[in-house]
>>> print(open('upload24.txt').read())   # compact mmCIF, N, CA and C atoms
# COMPACT_ATOMS: atom_id res chain seq x y z
N MET A 1 -16.51 23.38 -2.46
CA MET A 1 -15.40 22.48 -2.15
C MET A 1 -15.36 22.28 -0.64
N ARG A 2 -15.36 21.04 -0.22
CA ARG A 2 -15.31 20.72 1.20
C ARG A 2 -13.89 20.85 1.72
N ASN A 3 -13.77 21.31 2.95
CA ASN A 3 -12.45 21.42 3.58
C ASN A 3 -12.59 21.11 5.06
N HIS A 4 -13.12 19.94 5.35
CA HIS A 4 -13.35 19.52 6.73
C HIS A 4 -12.03 19.05 7.35
N PRO A 5 -11.73 19.47 8.59
CA PRO A 5 -10.46 19.07 9.22
C PRO A 5 -10.26 17.55 9.29
N ARG A 6 -11.34 16.81 9.46
CA ARG A 6 -11.22 15.34 9.53
C ARG A 6 -10.74 14.78 8.19
N ILE A 7 -11.26 15.32 7.11
CA ILE A 7 -10.85 14.87 5.77
C ILE A 7 -9.38 15.22 5.54
N ILE A 8 -9.00 16.44 5.91
CA ILE A 8 -7.60 16.86 5.75
C ILE A 8 -6.69 15.92 6.54
N GLY A 9 -7.10 15.58 7.76
CA GLY A 9 -6.31 14.66 8.58
C GLY A 9 -6.17 13.29 7.96
N LEU A 10 -7.27 12.77 7.41
CA LEU A 10 -7.22 11.45 6.77
C LEU A 10 -6.37 11.48 5.50
N LEU A 11 -6.46 12.55 4.74
CA LEU A 11 -5.60 12.68 3.55
C LEU A 11 -4.13 12.71 3.96
N GLY A 12 -3.83 13.41 5.05
CA GLY A 12 -2.45 13.45 5.56
C GLY A 12 -1.97 12.09 6.03
N GLN A 13 -2.84 11.36 6.75
CA GLN A 13 -2.47 10.00 7.20
C GLN A 13 -2.21 9.11 5.99
N ALA A 14 -3.06 9.23 4.99
CA ALA A 14 -2.91 8.42 3.79
C ALA A 14 -1.60 8.75 3.07
N LEU A 15 -1.27 10.02 3.00
CA LEU A 15 -0.02 10.43 2.35
C LEU A 15 1.18 9.87 3.10
N ASN A 16 1.15 9.94 4.42
CA ASN A 16 2.22 9.34 5.23
C ASN A 16 2.33 7.84 4.95
N HIS A 17 1.18 7.17 4.87
CA HIS A 17 1.19 5.73 4.64
C HIS A 17 1.81 5.41 3.27
N GLU A 18 1.42 6.16 2.25
CA GLU A 18 1.95 5.89 0.91
C GLU A 18 3.45 6.11 0.85
N PHE A 19 3.95 7.17 1.49
CA PHE A 19 5.40 7.39 1.47
C PHE A 19 6.14 6.35 2.31
N THR A 20 5.50 5.86 3.36
CA THR A 20 6.09 4.75 4.12
C THR A 20 6.21 3.52 3.22
N ALA A 21 5.16 3.25 2.45
CA ALA A 21 5.18 2.10 1.54
C ALA A 21 6.25 2.27 0.46
N ILE A 22 6.36 3.47 -0.09
CA ILE A 22 7.40 3.73 -1.10
C ILE A 22 8.77 3.42 -0.53
N GLN A 23 9.02 3.93 0.66
CA GLN A 23 10.32 3.72 1.32
C GLN A 23 10.57 2.23 1.55
N GLN A 24 9.54 1.51 1.99
CA GLN A 24 9.70 0.08 2.25
C GLN A 24 9.99 -0.68 0.96
N TYR A 25 9.21 -0.41 -0.09
CA TYR A 25 9.41 -1.13 -1.35
C TYR A 25 10.79 -0.82 -1.96
N LEU A 26 11.24 0.42 -1.86
CA LEU A 26 12.56 0.75 -2.40
C LEU A 26 13.67 0.08 -1.59
N THR A 27 13.51 0.00 -0.28
CA THR A 27 14.48 -0.70 0.56
C THR A 27 14.54 -2.18 0.17
N GLN A 28 13.37 -2.77 -0.04
CA GLN A 28 13.32 -4.18 -0.43
C GLN A 28 13.93 -4.38 -1.82
N ALA A 29 13.69 -3.45 -2.72
CA ALA A 29 14.29 -3.55 -4.06
C ALA A 29 15.81 -3.53 -3.96
N SER A 30 16.33 -2.66 -3.11
CA SER A 30 17.79 -2.58 -2.94
C SER A 30 18.34 -3.86 -2.34
N LEU A 31 17.66 -4.41 -1.35
CA LEU A 31 18.11 -5.68 -0.77
C LEU A 31 18.10 -6.80 -1.81
N CYS A 32 17.03 -6.87 -2.60
CA CYS A 32 16.97 -7.92 -3.62
C CYS A 32 18.08 -7.76 -4.65
N THR A 33 18.41 -6.53 -4.98
CA THR A 33 19.54 -6.28 -5.89
C THR A 33 20.82 -6.82 -5.29
N LEU A 34 21.05 -6.52 -4.01
CA LEU A 34 22.25 -7.02 -3.33
C LEU A 34 22.29 -8.54 -3.27
N TRP A 35 21.13 -9.17 -3.18
CA TRP A 35 21.05 -10.63 -3.10
C TRP A 35 21.11 -11.29 -4.49
N GLY A 36 21.15 -10.48 -5.55
CA GLY A 36 21.17 -11.04 -6.90
C GLY A 36 19.80 -11.46 -7.40
N GLU A 37 18.75 -10.94 -6.80
CA GLU A 37 17.37 -11.27 -7.17
C GLU A 37 16.79 -10.12 -8.00
N GLY A 38 17.29 -9.99 -9.23
CA GLY A 38 16.92 -8.87 -10.08
C GLY A 38 15.43 -8.77 -10.39
N ALA A 39 14.79 -9.92 -10.63
CA ALA A 39 13.36 -9.89 -10.95
C ALA A 39 12.54 -9.38 -9.77
N TRP A 40 12.90 -9.84 -8.57
CA TRP A 40 12.19 -9.36 -7.38
C TRP A 40 12.49 -7.89 -7.13
N ALA A 41 13.72 -7.46 -7.37
CA ALA A 41 14.07 -6.04 -7.22
C ALA A 41 13.19 -5.19 -8.13
N GLN A 42 13.04 -5.63 -9.37
CA GLN A 42 12.20 -4.90 -10.32
C GLN A 42 10.74 -4.88 -9.85
N ASN A 43 10.26 -5.99 -9.32
CA ASN A 43 8.89 -6.06 -8.81
C ASN A 43 8.67 -5.04 -7.70
N PHE A 44 9.61 -4.97 -6.76
CA PHE A 44 9.46 -4.02 -5.66
C PHE A 44 9.55 -2.58 -6.15
N ARG A 45 10.39 -2.32 -7.15
CA ARG A 45 10.47 -0.97 -7.71
C ARG A 45 9.14 -0.58 -8.37
N GLU A 46 8.54 -1.52 -9.06
CA GLU A 46 7.24 -1.26 -9.69
C GLU A 46 6.18 -0.96 -8.62
N GLU A 47 6.20 -1.71 -7.54
CA GLU A 47 5.26 -1.44 -6.44
C GLU A 47 5.46 -0.03 -5.89
N SER A 48 6.72 0.39 -5.77
CA SER A 48 6.99 1.73 -5.24
C SER A 48 6.43 2.80 -6.19
N ARG A 49 6.51 2.54 -7.49
CA ARG A 49 5.96 3.50 -8.46
C ARG A 49 4.44 3.59 -8.36
N GLU A 50 3.79 2.45 -8.12
CA GLU A 50 2.34 2.47 -7.94
C GLU A 50 1.96 3.28 -6.71
N GLU A 51 2.71 3.09 -5.63
CA GLU A 51 2.43 3.84 -4.41
C GLU A 51 2.73 5.33 -4.60
N LEU A 52 3.73 5.64 -5.41
CA LEU A 52 4.03 7.04 -5.73
C LEU A 52 2.85 7.67 -6.48
N GLY A 53 2.23 6.90 -7.35
CA GLY A 53 1.03 7.39 -8.03
C GLY A 53 -0.09 7.70 -7.04
N HIS A 54 -0.24 6.85 -6.03
CA HIS A 54 -1.24 7.12 -4.99
C HIS A 54 -0.89 8.40 -4.24
N ALA A 55 0.38 8.56 -3.90
CA ALA A 55 0.82 9.77 -3.18
C ALA A 55 0.53 11.01 -4.02
N ASP A 56 0.72 10.90 -5.32
CA ASP A 56 0.44 12.03 -6.21
C ASP A 56 -1.05 12.39 -6.18
N LEU A 57 -1.92 11.39 -6.24
CA LEU A 57 -3.37 11.65 -6.18
C LEU A 57 -3.75 12.32 -4.86
N LEU A 58 -3.19 11.84 -3.77
CA LEU A 58 -3.48 12.42 -2.46
C LEU A 58 -2.97 13.86 -2.38
N SER A 59 -1.78 14.09 -2.91
CA SER A 59 -1.22 15.45 -2.92
C SER A 59 -2.09 16.40 -3.74
N GLN A 60 -2.56 15.93 -4.89
CA GLN A 60 -3.44 16.76 -5.71
C GLN A 60 -4.72 17.12 -4.96
N ARG A 61 -5.28 16.14 -4.26
CA ARG A 61 -6.52 16.40 -3.51
C ARG A 61 -6.27 17.41 -2.40
N LEU A 62 -5.18 17.25 -1.67
CA LEU A 62 -4.84 18.22 -0.62
C LEU A 62 -4.68 19.62 -1.21
N LEU A 63 -3.99 19.72 -2.32
CA LEU A 63 -3.80 21.03 -2.96
C LEU A 63 -5.13 21.63 -3.41
N LEU A 64 -6.02 20.80 -3.94
CA LEU A 64 -7.35 21.28 -4.32
C LEU A 64 -8.10 21.84 -3.12
N LEU A 65 -7.85 21.28 -1.95
CA LEU A 65 -8.50 21.74 -0.72
C LEU A 65 -7.74 22.90 -0.07
N GLY A 66 -6.67 23.34 -0.72
CA GLY A 66 -5.92 24.49 -0.22
C GLY A 66 -4.92 24.17 0.86
N VAL A 67 -4.49 22.91 0.92
CA VAL A 67 -3.55 22.47 1.96
C VAL A 67 -2.28 21.95 1.29
N ALA A 68 -1.14 22.39 1.78
CA ALA A 68 0.13 21.90 1.27
C ALA A 68 0.37 20.47 1.77
N PRO A 69 0.66 19.53 0.88
CA PRO A 69 0.95 18.16 1.31
C PRO A 69 2.19 18.13 2.20
N ASN A 70 2.13 17.29 3.24
CA ASN A 70 3.26 17.19 4.17
C ASN A 70 3.28 15.79 4.76
N ALA A 71 4.12 14.94 4.22
CA ALA A 71 4.27 13.58 4.75
C ALA A 71 5.48 13.57 5.67
N ALA A 72 5.26 13.92 6.91
CA ALA A 72 6.38 14.09 7.85
C ALA A 72 6.42 13.02 8.92
N GLN A 73 5.49 12.08 8.90
CA GLN A 73 5.43 11.07 9.96
C GLN A 73 5.54 9.67 9.36
N LEU A 74 6.66 9.40 8.74
CA LEU A 74 6.85 8.10 8.11
C LEU A 74 7.28 7.07 9.15
N ARG A 75 6.73 5.88 9.00
CA ARG A 75 7.18 4.76 9.83
C ARG A 75 8.47 4.22 9.22
N PRO A 76 9.35 3.68 10.04
CA PRO A 76 10.57 3.09 9.47
C PRO A 76 10.21 1.87 8.62
N PRO A 77 10.99 1.63 7.57
CA PRO A 77 10.71 0.45 6.74
C PRO A 77 10.95 -0.83 7.52
N ARG A 78 10.17 -1.85 7.18
CA ARG A 78 10.33 -3.19 7.75
C ARG A 78 10.58 -4.13 6.58
N PRO A 79 11.82 -4.17 6.10
CA PRO A 79 12.08 -4.88 4.86
C PRO A 79 12.02 -6.39 4.95
N GLY A 80 12.29 -6.98 6.09
CA GLY A 80 12.33 -8.43 6.19
C GLY A 80 13.73 -8.97 5.94
N ARG A 81 13.97 -10.19 6.43
CA ARG A 81 15.30 -10.81 6.31
C ARG A 81 15.42 -11.72 5.10
N ASP A 82 14.29 -12.07 4.52
CA ASP A 82 14.28 -12.89 3.30
C ASP A 82 13.01 -12.54 2.52
N LEU A 83 12.85 -13.13 1.37
CA LEU A 83 11.73 -12.80 0.50
C LEU A 83 10.39 -13.07 1.18
N TRP A 84 10.27 -14.19 1.86
CA TRP A 84 9.03 -14.55 2.54
C TRP A 84 8.65 -13.47 3.55
N GLU A 85 9.61 -13.07 4.37
CA GLU A 85 9.34 -12.03 5.37
C GLU A 85 9.01 -10.70 4.70
N MET A 86 9.68 -10.39 3.60
CA MET A 86 9.38 -9.16 2.88
C MET A 86 7.91 -9.12 2.47
N LEU A 87 7.47 -10.20 1.87
CA LEU A 87 6.10 -10.25 1.38
C LEU A 87 5.10 -10.23 2.52
N GLN A 88 5.43 -10.86 3.64
CA GLN A 88 4.55 -10.80 4.81
C GLN A 88 4.45 -9.37 5.33
N GLN A 89 5.58 -8.69 5.42
CA GLN A 89 5.59 -7.29 5.88
C GLN A 89 4.75 -6.43 4.92
N ASP A 90 4.89 -6.69 3.64
CA ASP A 90 4.14 -5.91 2.66
C ASP A 90 2.64 -6.18 2.76
N ALA A 91 2.27 -7.43 3.00
CA ALA A 91 0.86 -7.75 3.17
C ALA A 91 0.28 -7.01 4.37
N GLU A 92 1.03 -6.95 5.46
CA GLU A 92 0.58 -6.19 6.63
C GLU A 92 0.42 -4.72 6.30
N LEU A 93 1.37 -4.18 5.57
CA LEU A 93 1.32 -2.77 5.17
C LEU A 93 0.10 -2.50 4.30
N GLU A 94 -0.17 -3.38 3.35
CA GLU A 94 -1.32 -3.20 2.47
C GLU A 94 -2.63 -3.37 3.24
N TRP A 95 -2.66 -4.28 4.20
CA TRP A 95 -3.86 -4.47 5.02
C TRP A 95 -4.18 -3.18 5.79
N ARG A 96 -3.14 -2.56 6.35
CA ARG A 96 -3.35 -1.29 7.06
C ARG A 96 -3.88 -0.22 6.10
N ALA A 97 -3.41 -0.22 4.87
CA ALA A 97 -3.90 0.74 3.88
C ALA A 97 -5.37 0.50 3.57
N VAL A 98 -5.76 -0.76 3.40
CA VAL A 98 -7.16 -1.09 3.13
C VAL A 98 -8.03 -0.59 4.28
N GLU A 99 -7.61 -0.85 5.51
CA GLU A 99 -8.39 -0.39 6.67
C GLU A 99 -8.49 1.13 6.70
N LEU A 100 -7.37 1.81 6.46
CA LEU A 100 -7.36 3.28 6.47
C LEU A 100 -8.29 3.83 5.41
N TYR A 101 -8.21 3.31 4.19
CA TYR A 101 -9.01 3.85 3.10
C TYR A 101 -10.49 3.52 3.25
N ALA A 102 -10.82 2.37 3.79
CA ALA A 102 -12.23 2.04 4.04
C ALA A 102 -12.81 3.00 5.08
N GLU A 103 -12.06 3.24 6.16
CA GLU A 103 -12.51 4.19 7.18
C GLU A 103 -12.64 5.59 6.59
N ALA A 104 -11.64 6.01 5.83
CA ALA A 104 -11.64 7.36 5.25
C ALA A 104 -12.81 7.54 4.28
N GLU A 105 -13.11 6.53 3.49
CA GLU A 105 -14.24 6.62 2.58
C GLU A 105 -15.54 6.80 3.36
N ALA A 106 -15.71 6.03 4.43
CA ALA A 106 -16.92 6.13 5.24
C ALA A 106 -17.05 7.53 5.86
N VAL A 107 -15.96 8.05 6.37
CA VAL A 107 -15.97 9.39 6.97
C VAL A 107 -16.32 10.43 5.90
N ALA A 108 -15.69 10.34 4.74
CA ALA A 108 -15.96 11.30 3.67
C ALA A 108 -17.42 11.25 3.24
N ASN A 109 -17.99 10.05 3.18
CA ASN A 109 -19.41 9.94 2.84
C ASN A 109 -20.29 10.58 3.92
N ARG A 110 -19.96 10.33 5.19
CA ARG A 110 -20.73 10.94 6.28
C ARG A 110 -20.65 12.46 6.24
N LEU A 111 -19.50 12.98 5.85
CA LEU A 111 -19.30 14.43 5.81
C LEU A 111 -19.72 15.03 4.47
N ARG A 112 -20.32 14.21 3.63
CA ARG A 112 -20.82 14.64 2.32
C ARG A 112 -19.72 15.28 1.46
N ASP A 113 -18.63 14.55 1.35
CA ASP A 113 -17.51 14.96 0.49
C ASP A 113 -17.32 13.86 -0.55
N PRO A 114 -18.14 13.88 -1.61
CA PRO A 114 -18.09 12.78 -2.58
C PRO A 114 -16.77 12.66 -3.33
N GLU A 115 -16.07 13.78 -3.55
CA GLU A 115 -14.80 13.72 -4.27
C GLU A 115 -13.75 12.97 -3.45
N SER A 116 -13.66 13.31 -2.16
CA SER A 116 -12.70 12.60 -1.31
C SER A 116 -13.11 11.15 -1.13
N ALA A 117 -14.42 10.91 -0.98
CA ALA A 117 -14.90 9.53 -0.84
C ALA A 117 -14.52 8.70 -2.06
N ALA A 118 -14.67 9.28 -3.25
CA ALA A 118 -14.33 8.55 -4.48
C ALA A 118 -12.83 8.25 -4.54
N LEU A 119 -12.01 9.21 -4.12
CA LEU A 119 -10.56 8.97 -4.10
C LEU A 119 -10.22 7.85 -3.13
N PHE A 120 -10.77 7.92 -1.92
CA PHE A 120 -10.47 6.88 -0.94
C PHE A 120 -10.97 5.51 -1.41
N ALA A 121 -12.12 5.47 -2.07
CA ALA A 121 -12.65 4.20 -2.59
C ALA A 121 -11.71 3.63 -3.66
N ARG A 122 -11.23 4.49 -4.54
CA ARG A 122 -10.31 4.04 -5.60
C ARG A 122 -9.03 3.48 -4.99
N LEU A 123 -8.47 4.21 -4.02
CA LEU A 123 -7.23 3.75 -3.38
C LEU A 123 -7.46 2.45 -2.61
N CYS A 124 -8.62 2.33 -1.98
CA CYS A 124 -8.94 1.09 -1.25
C CYS A 124 -8.97 -0.09 -2.21
N ARG A 125 -9.61 0.08 -3.36
CA ARG A 125 -9.65 -1.01 -4.36
C ARG A 125 -8.25 -1.38 -4.82
N ASP A 126 -7.43 -0.37 -5.10
CA ASP A 126 -6.05 -0.65 -5.53
C ASP A 126 -5.29 -1.44 -4.47
N GLU A 127 -5.42 -1.02 -3.22
CA GLU A 127 -4.70 -1.70 -2.13
C GLU A 127 -5.25 -3.10 -1.90
N GLN A 128 -6.55 -3.29 -2.09
CA GLN A 128 -7.12 -4.64 -1.98
C GLN A 128 -6.53 -5.55 -3.04
N GLU A 129 -6.35 -5.01 -4.25
CA GLU A 129 -5.73 -5.80 -5.32
C GLU A 129 -4.28 -6.14 -4.98
N HIS A 130 -3.55 -5.16 -4.44
CA HIS A 130 -2.16 -5.42 -4.02
C HIS A 130 -2.13 -6.51 -2.96
N LEU A 131 -3.03 -6.40 -1.98
CA LEU A 131 -3.07 -7.37 -0.89
C LEU A 131 -3.38 -8.77 -1.43
N GLN A 132 -4.36 -8.87 -2.32
CA GLN A 132 -4.70 -10.18 -2.89
C GLN A 132 -3.51 -10.77 -3.64
N HIS A 133 -2.83 -9.95 -4.42
CA HIS A 133 -1.66 -10.42 -5.16
C HIS A 133 -0.58 -10.92 -4.20
N LEU A 134 -0.34 -10.17 -3.13
CA LEU A 134 0.67 -10.59 -2.14
C LEU A 134 0.28 -11.91 -1.49
N GLN A 135 -0.99 -12.05 -1.14
CA GLN A 135 -1.45 -13.30 -0.51
C GLN A 135 -1.29 -14.48 -1.46
N GLU A 136 -1.60 -14.27 -2.73
CA GLU A 136 -1.42 -15.34 -3.72
C GLU A 136 0.05 -15.69 -3.89
N THR A 137 0.90 -14.68 -3.92
CA THR A 137 2.34 -14.91 -4.06
C THR A 137 2.88 -15.67 -2.86
N LEU A 138 2.46 -15.26 -1.66
CA LEU A 138 2.89 -15.97 -0.45
C LEU A 138 2.42 -17.42 -0.48
N GLY A 139 1.19 -17.64 -0.93
CA GLY A 139 0.68 -19.00 -1.03
C GLY A 139 1.48 -19.84 -2.00
N GLY A 140 1.94 -19.22 -3.09
CA GLY A 140 2.74 -19.93 -4.08
C GLY A 140 4.14 -20.24 -3.60
N LEU A 141 4.68 -19.39 -2.72
CA LEU A 141 6.03 -19.63 -2.20
C LEU A 141 6.05 -20.69 -1.11
N GLY A 142 4.95 -20.81 -0.38
CA GLY A 142 4.93 -21.73 0.76
C GLY A 142 5.63 -21.13 1.95
N ALA A 143 5.37 -21.67 3.12
CA ALA A 143 5.93 -21.14 4.37
C ALA A 143 7.45 -21.16 4.34
N GLY A 144 8.01 -20.03 4.71
CA GLY A 144 9.47 -19.95 4.81
C GLY A 144 10.19 -19.86 3.49
N GLY A 145 9.43 -19.64 2.40
CA GLY A 145 10.10 -19.49 1.11
C GLY A 145 10.95 -18.24 1.11
N GLY A 146 12.14 -18.37 0.72
CA GLY A 146 13.05 -17.21 0.76
C GLY A 146 14.00 -17.23 -0.40
N ARG A 147 15.00 -16.42 -0.26
CA ARG A 147 15.97 -16.30 -1.34
C ARG A 147 16.88 -17.49 -1.39
>>> encode(input="upload24.txt", output="structure tokens")
Amino acid sequence: MRNHPRIIGLLGQALNHEFTAIQQYLTQASLCTLWGEGAWAQNFREESREELGHADLLSQRLLLLGVAPNAAQLRPPRPGRDLWEMLQQDAELEWRAVELYAEAEAVANRLRDPESAALFARLCRDEQEHLQHLQETLGGLGAGGGR
């Protein structure tokens, strides 16, 4: 079992990112509820559950490596002032995740840690799908589409 400090650091960064995303999506769900946008609120809650699944996978990997998960460096949520801004903020968040996971996969491969590389590759694919969906949704709303 590999336990390289660089891998542990990347797993920790990824865990922080996922919990930041969970916090952002839940904040957006609450705002949409307040605005009477129940369908969008449900959509954001579902996104938060998907990110929670990612956090669970990362936590399991850290535990397998003998490290207690610790997501202590969360960025503040950037919920946006309307639906358009929310989705733009989310696309930026997902783009950062894609970059992080692509880098992490490459590092894990260089360090010959195929299990971590496979996890990072899976998460990268998931985030790429999220990003594509957000971009399509933004395209469908048009510039400045909001509540």
>>> closest_residue(input="upload24.txt", among="A:Leu141, A:Ala72, A:Ala108, A:Val98", to="Gln128 of chain A", atoms="only N, CA and C atoms")
A:Val98
>>> closest_atom_pairs(input="upload24.txt", of="segment 64-121 of chain A", to="segment 47-60 of chain A", cutoff="8 Å", atoms="only C-alpha atoms", output="tab-separated table")
residue	atom	partner	partner_atom	distance
A:Leu64	CA	A:Gln60	CA	6.1
A:Ala68	CA	A:Ser59	CA	7.8
A:Pro69	CA	A:Ser59	CA	5.5
A:Leu119	CA	A:Leu57	CA	8.0
>>> closest_residue(input="upload24.txt", among="A:Gln42, A:Glu99, A:Thr33, A:Ala71", to="Leu15 of chain A", atoms="all atoms listed in the file")
A:Ala71
>>> atom_distance(input="upload24.txt", atom1="atom CA of Glu85 of chain A", atom2="atom N of Tyr25 of chain A")
12.8 Å
>>> closest_residue(input="upload24.txt", among="A:Gly80, A:Tyr101, A:Leu87, A:Leu11", to="Gly139 of chain A", atoms="only C-alpha atoms")
A:Leu87
>>> closest_residue(input="upload24.txt", among="A:Leu10, A:Ala21, A:Glu129, A:Trp40", to="Glu103 of chain A", atoms="only N, CA and C atoms")
A:Leu10
>>> atom_distance(input="upload24.txt", atom1="atom CA of Asn16 of chain A", atom2="atom CA of Gln73 of chain A")
6.0 Å
>>> closest_residue(input="upload24.txt", among="A:Arg81, A:Thr27, A:Ala121, A:Glu94", to="Ala106 of chain A", atoms="only N, CA and C atoms")
A:Ala121
>>> atom_distance(input="upload24.txt", atom1="atom CA of Glu46 of chain A", atom2="atom CA of Gly142 of chain A")
23.1 Å
>>> select_by_dssp(input="upload24.txt", residues="segment 50-122 of chain A", states="alpha helix (DSSP H)", output="PyMOL selection string")
chain A and resi 50-64+83-110+114-122
>>> closest_residue(input="upload24.txt", among="A:Cys124, A:Gln23, A:Gly36, A:Gln132", to="Leu100 of chain A", atoms="all atoms listed in the file")
A:Cys124
